[in-house]
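Please read the structure below before turning to the comments.
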Amino acid sequence: MTKQNTQYFANPAGHPPQTDLLTDRAIVTEAYTVIPRGVMRDIVTSVLPDWEDTRVWILNRPVAGGATTFAQYLMEVAPGGGSAKPEAQSTVEGFIFVVDGELSVTIEGENRVLAPGGFAYAPAGSQWQVKNDGGAAAKFHWIRKAYQALEGYTAKPVFGNEQDLEPNPMPGTDNKWRTTRMLPVDDLAYDMHINIVTFEPGASIPFAETHVMEHGLYVLEGKAVYRLNEDWVEVQEGDYMSLRAFCPQACYAGGPSNFRYLLYKDVNRQIVL
């Protein structure tokens with residue numbers, strides 16, 4: 001398969017000039033949150049324990065009235081930086097998706113160097129580490145979820161690059177709406193899906209999806225108009241959306257390029273009562 005000609009938006013950070021208006025597209029409701037790229041500035045970064053030469057934008061964390069099943073970070077690791085112990089909680093699984101630079105990832109002794117589009121899944125309790133051995137900053141998404149173990153099933157490490165995977169077309173869309181699945185979808189060992197969703201200009205989700213799965217959506221490329229609950233919201237590359245369970249959602253891709261986003265959702269488990 002020939003690799004796709006694609007790019008991934010990497011947060012420019014910095015600060016806007018004093019002449020800019022403060023009005024932006026940030027929205028926080030009980031059904032959804034939209035964090036536009038313009039507010040992901042240096043002033044809202046954090047540093048993390050056990051990480052060297054690294055800063056992070058925390059895009060989602062479990063909060064009352066919001067999405068509660070996962071945390072999502074946008075990480076920036078300087079050359080020589082990284083972590084020998086990224087995950088402090090043995091019950092938490094992790095997924096990394098690189099958007100800029102290169103990142104060396106080792107999980108249970110298996111090492112891969114991930115370029116943009118590269119991904120890695122670290123099962124809960126696994127020994128893993130990350131290092132930036134390159135000459136430029138590495139930027140990547142890190143999605144963390146408390147793993148819901150299932151008797152008889154064991155999640156294993158996964159490595160790959162989304163550009164090497166064949167997307168699955170949605171029925172009746174002439175391949176204009178397609179999904180690249182980076183974790184096994186038919187294996188109950190995995191309790192979350194991480195996908196790249198692609199819409200060609202003019203394609204749409206033609207109904208208001210309303211379901212139990214929570215979502216984290218980071219726009220990698222393009223722009224669209226998203227229907228969230230009762231609102232129409234414009235989004236573009238670099239924007240982030242967090243959707244709680246049962247938030248109605250649909251979209252139209254605006255062009256001129258494809259509209260693509262990194263998608264998290266929780267799946268494959270019984271509801272705990």
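In the structure tokens, chains take the letters A, B, ... in the order shown, each chain's residues start at 1, and ligands count up from 1 in the order shown.
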
>> DSSP on the backbone: which residues in segment 125-245 of chain A end up as strand (DSSP E or B)? Give the answer as a ChimeraX atom specification.
In response: /A:128-131,138-146,158-161,168-169,177-181,192-199,204-209,215-221,223-228,231-236,240-243

Export of the given selection (C-alpha atoms) as a PDB file, in the first residue's frame:
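Output saved as selection-v8.pdb:
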```pdb
ATOM      1  CA  TRP A 128       7.586   0.913  28.673  1.00  0.00           C
ATOM      2  CA  GLN A 129       9.580   4.046  28.008  1.00  0.00           C
ATOM      3  CA  VAL A 130       9.875   6.884  25.497  1.00  0.00           C
ATOM      4  CA  LYS A 131      12.870   8.929  24.316  1.00  0.00           C
ATOM      5  CA  ALA A 138       8.669  15.394  19.181  1.00  0.00           C
ATOM      6  CA  LYS A 139       4.955  16.112  19.540  1.00  0.00           C
ATOM      7  CA  PHE A 140       2.420  13.394  20.192  1.00  0.00           C
ATOM      8  CA  HIS A 141      -0.916  12.591  21.761  1.00  0.00           C
ATOM      9  CA  TRP A 142      -1.003  10.358  24.819  1.00  0.00           C
ATOM     10  CA  ILE A 143      -4.371   8.833  25.691  1.00  0.00           C
ATOM     11  CA  ARG A 144      -4.686   7.146  29.103  1.00  0.00           C
ATOM     12  CA  LYS A 145      -7.528   4.935  30.291  1.00  0.00           C
ATOM     13  CA  ALA A 146      -8.092   2.815  33.402  1.00  0.00           C
ATOM     14  CA  VAL A 158       0.649  -2.713  19.345  1.00  0.00           C
ATOM     15  CA  PHE A 159       2.895  -0.668  17.031  1.00  0.00           C
ATOM     16  CA  GLY A 160       2.190   0.792  13.596  1.00  0.00           C
ATOM     17  CA  ASN A 161       1.691   3.803  11.381  1.00  0.00           C
ATOM     18  CA  ASN A 168     -12.519   1.067   6.113  1.00  0.00           C
ATOM     19  CA  PRO A 169     -15.194   2.918   4.083  1.00  0.00           C
ATOM     20  CA  TRP A 177     -16.200   8.833   4.832  1.00  0.00           C
ATOM     21  CA  ARG A 178     -13.713   6.251   6.066  1.00  0.00           C
ATOM     22  CA  THR A 179     -12.129   5.040   9.288  1.00  0.00           C
ATOM     23  CA  THR A 180      -8.571   3.875   9.956  1.00  0.00           C
ATOM     24  CA  ARG A 181      -8.609   1.573  12.988  1.00  0.00           C
ATOM     25  CA  MET A 192     -11.040   1.275  23.745  1.00  0.00           C
ATOM     26  CA  HIS A 193     -10.818   2.118  20.054  1.00  0.00           C
ATOM     27  CA  ILE A 194      -8.428   4.713  18.644  1.00  0.00           C
ATOM     28  CA  ASN A 195      -9.231   5.640  15.046  1.00  0.00           C
ATOM     29  CA  ILE A 196      -8.431   8.203  12.380  1.00  0.00           C
ATOM     30  CA  VAL A 197     -11.684   9.356  10.781  1.00  0.00           C
ATOM     31  CA  THR A 198     -11.501  10.939   7.315  1.00  0.00           C
ATOM     32  CA  PHE A 199     -14.143  12.932   5.440  1.00  0.00           C
ATOM     33  CA  SER A 204     -21.014  14.231   6.326  1.00  0.00           C
ATOM     34  CA  ILE A 205     -22.310  12.224   9.238  1.00  0.00           C
ATOM     35  CA  PRO A 206     -25.930  12.413   8.052  1.00  0.00           C
ATOM     36  CA  PHE A 207     -27.589  11.744  11.400  1.00  0.00           C
ATOM     37  CA  ALA A 208     -27.121  12.799  14.997  1.00  0.00           C
ATOM     38  CA  GLU A 209     -25.153   9.946  16.568  1.00  0.00           C
ATOM     39  CA  HIS A 215     -15.205  10.718  22.637  1.00  0.00           C
ATOM     40  CA  GLY A 216     -12.001  12.667  22.453  1.00  0.00           C
ATOM     41  CA  LEU A 217     -11.537  14.221  18.979  1.00  0.00           C
ATOM     42  CA  TYR A 218      -8.404  16.106  17.912  1.00  0.00           C
ATOM     43  CA  VAL A 219      -8.621  17.630  14.432  1.00  0.00           C
ATOM     44  CA  LEU A 220      -5.503  16.671  12.457  1.00  0.00           C
ATOM     45  CA  GLU A 221      -6.392  18.283   9.150  1.00  0.00           C
ATOM     46  CA  LYS A 223     -12.202  22.075   8.823  1.00  0.00           C
ATOM     47  CA  ALA A 224     -15.854  21.182   9.395  1.00  0.00           C
ATOM     48  CA  VAL A 225     -19.088  22.286  10.978  1.00  0.00           C
ATOM     49  CA  TYR A 226     -19.962  19.979  13.882  1.00  0.00           C
ATOM     50  CA  ARG A 227     -23.422  19.533  15.362  1.00  0.00           C
ATOM     51  CA  LEU A 228     -22.979  19.018  19.118  1.00  0.00           C
ATOM     52  CA  ASP A 231     -25.345  23.695  18.596  1.00  0.00           C
ATOM     53  CA  TRP A 232     -23.495  24.083  15.299  1.00  0.00           C
ATOM     54  CA  VAL A 233     -19.773  24.620  15.968  1.00  0.00           C
ATOM     55  CA  GLU A 234     -17.018  25.374  13.447  1.00  0.00           C
ATOM     56  CA  VAL A 235     -13.794  23.423  14.022  1.00  0.00           C
ATOM     57  CA  GLN A 236     -10.427  23.313  12.256  1.00  0.00           C
ATOM     58  CA  TYR A 240     -10.042  19.502  20.336  1.00  0.00           C
ATOM     59  CA  MET A 241     -13.478  18.224  21.321  1.00  0.00           C
ATOM     60  CA  SER A 242     -14.427  16.191  24.382  1.00  0.00           C
ATOM     61  CA  LEU A 243     -17.899  14.613  24.219  1.00  0.00           C
TER      62      LEU A 243
END
```

>> So that I can see what lies close to segment 76-81 of chain A, please list as a PyMOL selection string the residues with an atom at most 12 Å from it, counting only C-alpha atoms and leaving out residues fewer than 5 positions away in the same chain.
In response: chain A and resi 10-13+42+45-48+50-58+86+98-104+129-142

Include C-alpha atoms and write out the residues we just selected as a PDB file, in the first residue's frame.
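What follows is the written file result29.pdb:
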```pdb
ATOM      1  CA  ALA A  10       1.112  20.295  15.528  1.00  0.00           C
ATOM      2  CA  ASN A  11       0.266  22.969  18.081  1.00  0.00           C
ATOM      3  CA  PRO A  12       2.339  26.142  17.448  1.00  0.00           C
ATOM      4  CA  ALA A  13       2.141  27.199  21.123  1.00  0.00           C
ATOM      5  CA  ASP A  42       2.498  28.249  26.685  1.00  0.00           C
ATOM      6  CA  THR A  45       1.300  23.862  29.890  1.00  0.00           C
ATOM      7  CA  SER A  46       2.364  21.568  32.717  1.00  0.00           C
ATOM      8  CA  VAL A  47       5.370  19.393  33.475  1.00  0.00           C
ATOM      9  CA  LEU A  48       4.913  15.791  34.603  1.00  0.00           C
ATOM     10  CA  ASP A  50       9.312  11.244  35.766  1.00  0.00           C
ATOM     11  CA  TRP A  51       9.453  13.109  32.423  1.00  0.00           C
ATOM     12  CA  GLU A  52      12.549  15.071  31.377  1.00  0.00           C
ATOM     13  CA  ASP A  53      12.612  18.067  29.000  1.00  0.00           C
ATOM     14  CA  THR A  54       8.899  17.644  28.399  1.00  0.00           C
ATOM     15  CA  ARG A  55       5.825  19.818  28.625  1.00  0.00           C
ATOM     16  CA  VAL A  56       2.175  18.909  28.205  1.00  0.00           C
ATOM     17  CA  TRP A  57      -1.188  20.390  27.311  1.00  0.00           C
ATOM     18  CA  ILE A  58      -3.860  18.409  29.192  1.00  0.00           C
ATOM     19  CA  PRO A  86       5.889   7.291  31.768  1.00  0.00           C
ATOM     20  CA  VAL A  98       2.935  11.057  16.871  1.00  0.00           C
ATOM     21  CA  VAL A  99       2.090  14.259  14.960  1.00  0.00           C
ATOM     22  CA  ASP A 100       5.551  15.835  14.588  1.00  0.00           C
ATOM     23  CA  GLY A 101       9.173  14.761  14.937  1.00  0.00           C
ATOM     24  CA  GLU A 102      10.310  11.268  15.894  1.00  0.00           C
ATOM     25  CA  LEU A 103       9.885   9.337  19.130  1.00  0.00           C
ATOM     26  CA  SER A 104      11.614   6.145  20.251  1.00  0.00           C
ATOM     27  CA  GLN A 129       9.580   4.046  28.008  1.00  0.00           C
ATOM     28  CA  VAL A 130       9.875   6.884  25.497  1.00  0.00           C
ATOM     29  CA  LYS A 131      12.870   8.929  24.316  1.00  0.00           C
ATOM     30  CA  ASN A 132      13.438  11.666  21.788  1.00  0.00           C
ATOM     31  CA  ASP A 133      16.741  10.751  20.141  1.00  0.00           C
ATOM     32  CA  GLY A 134      16.218  13.197  17.272  1.00  0.00           C
ATOM     33  CA  GLY A 135      17.342  16.750  16.746  1.00  0.00           C
ATOM     34  CA  ALA A 136      13.911  18.418  16.911  1.00  0.00           C
ATOM     35  CA  ALA A 137      10.989  18.412  19.325  1.00  0.00           C
ATOM     36  CA  ALA A 138       8.669  15.394  19.181  1.00  0.00           C
ATOM     37  CA  LYS A 139       4.955  16.112  19.540  1.00  0.00           C
ATOM     38  CA  PHE A 140       2.420  13.394  20.192  1.00  0.00           C
ATOM     39  CA  HIS A 141      -0.916  12.591  21.761  1.00  0.00           C
ATOM     40  CA  TRP A 142      -1.003  10.358  24.819  1.00  0.00           C
TER      41      TRP A 142
END
```

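The coordinates place atom CA of Glu30 of chain A at 5.1 Å from atom CA of Gly65 of chain A.
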
> With only C-alpha atoms as the atoms that count, which of A:Pro62, A:Pro248, A:Pro123, A:Pro17 lies nearest to Ala31 of chain A?
Replying inline: A:Pro248

> With distances taken over only C-alpha atoms, which of A:Pro49, A:Gly152, A:Pro36, A:Pro157 is nearest to Gly82 of chain A?
Replying inline: A:Pro49
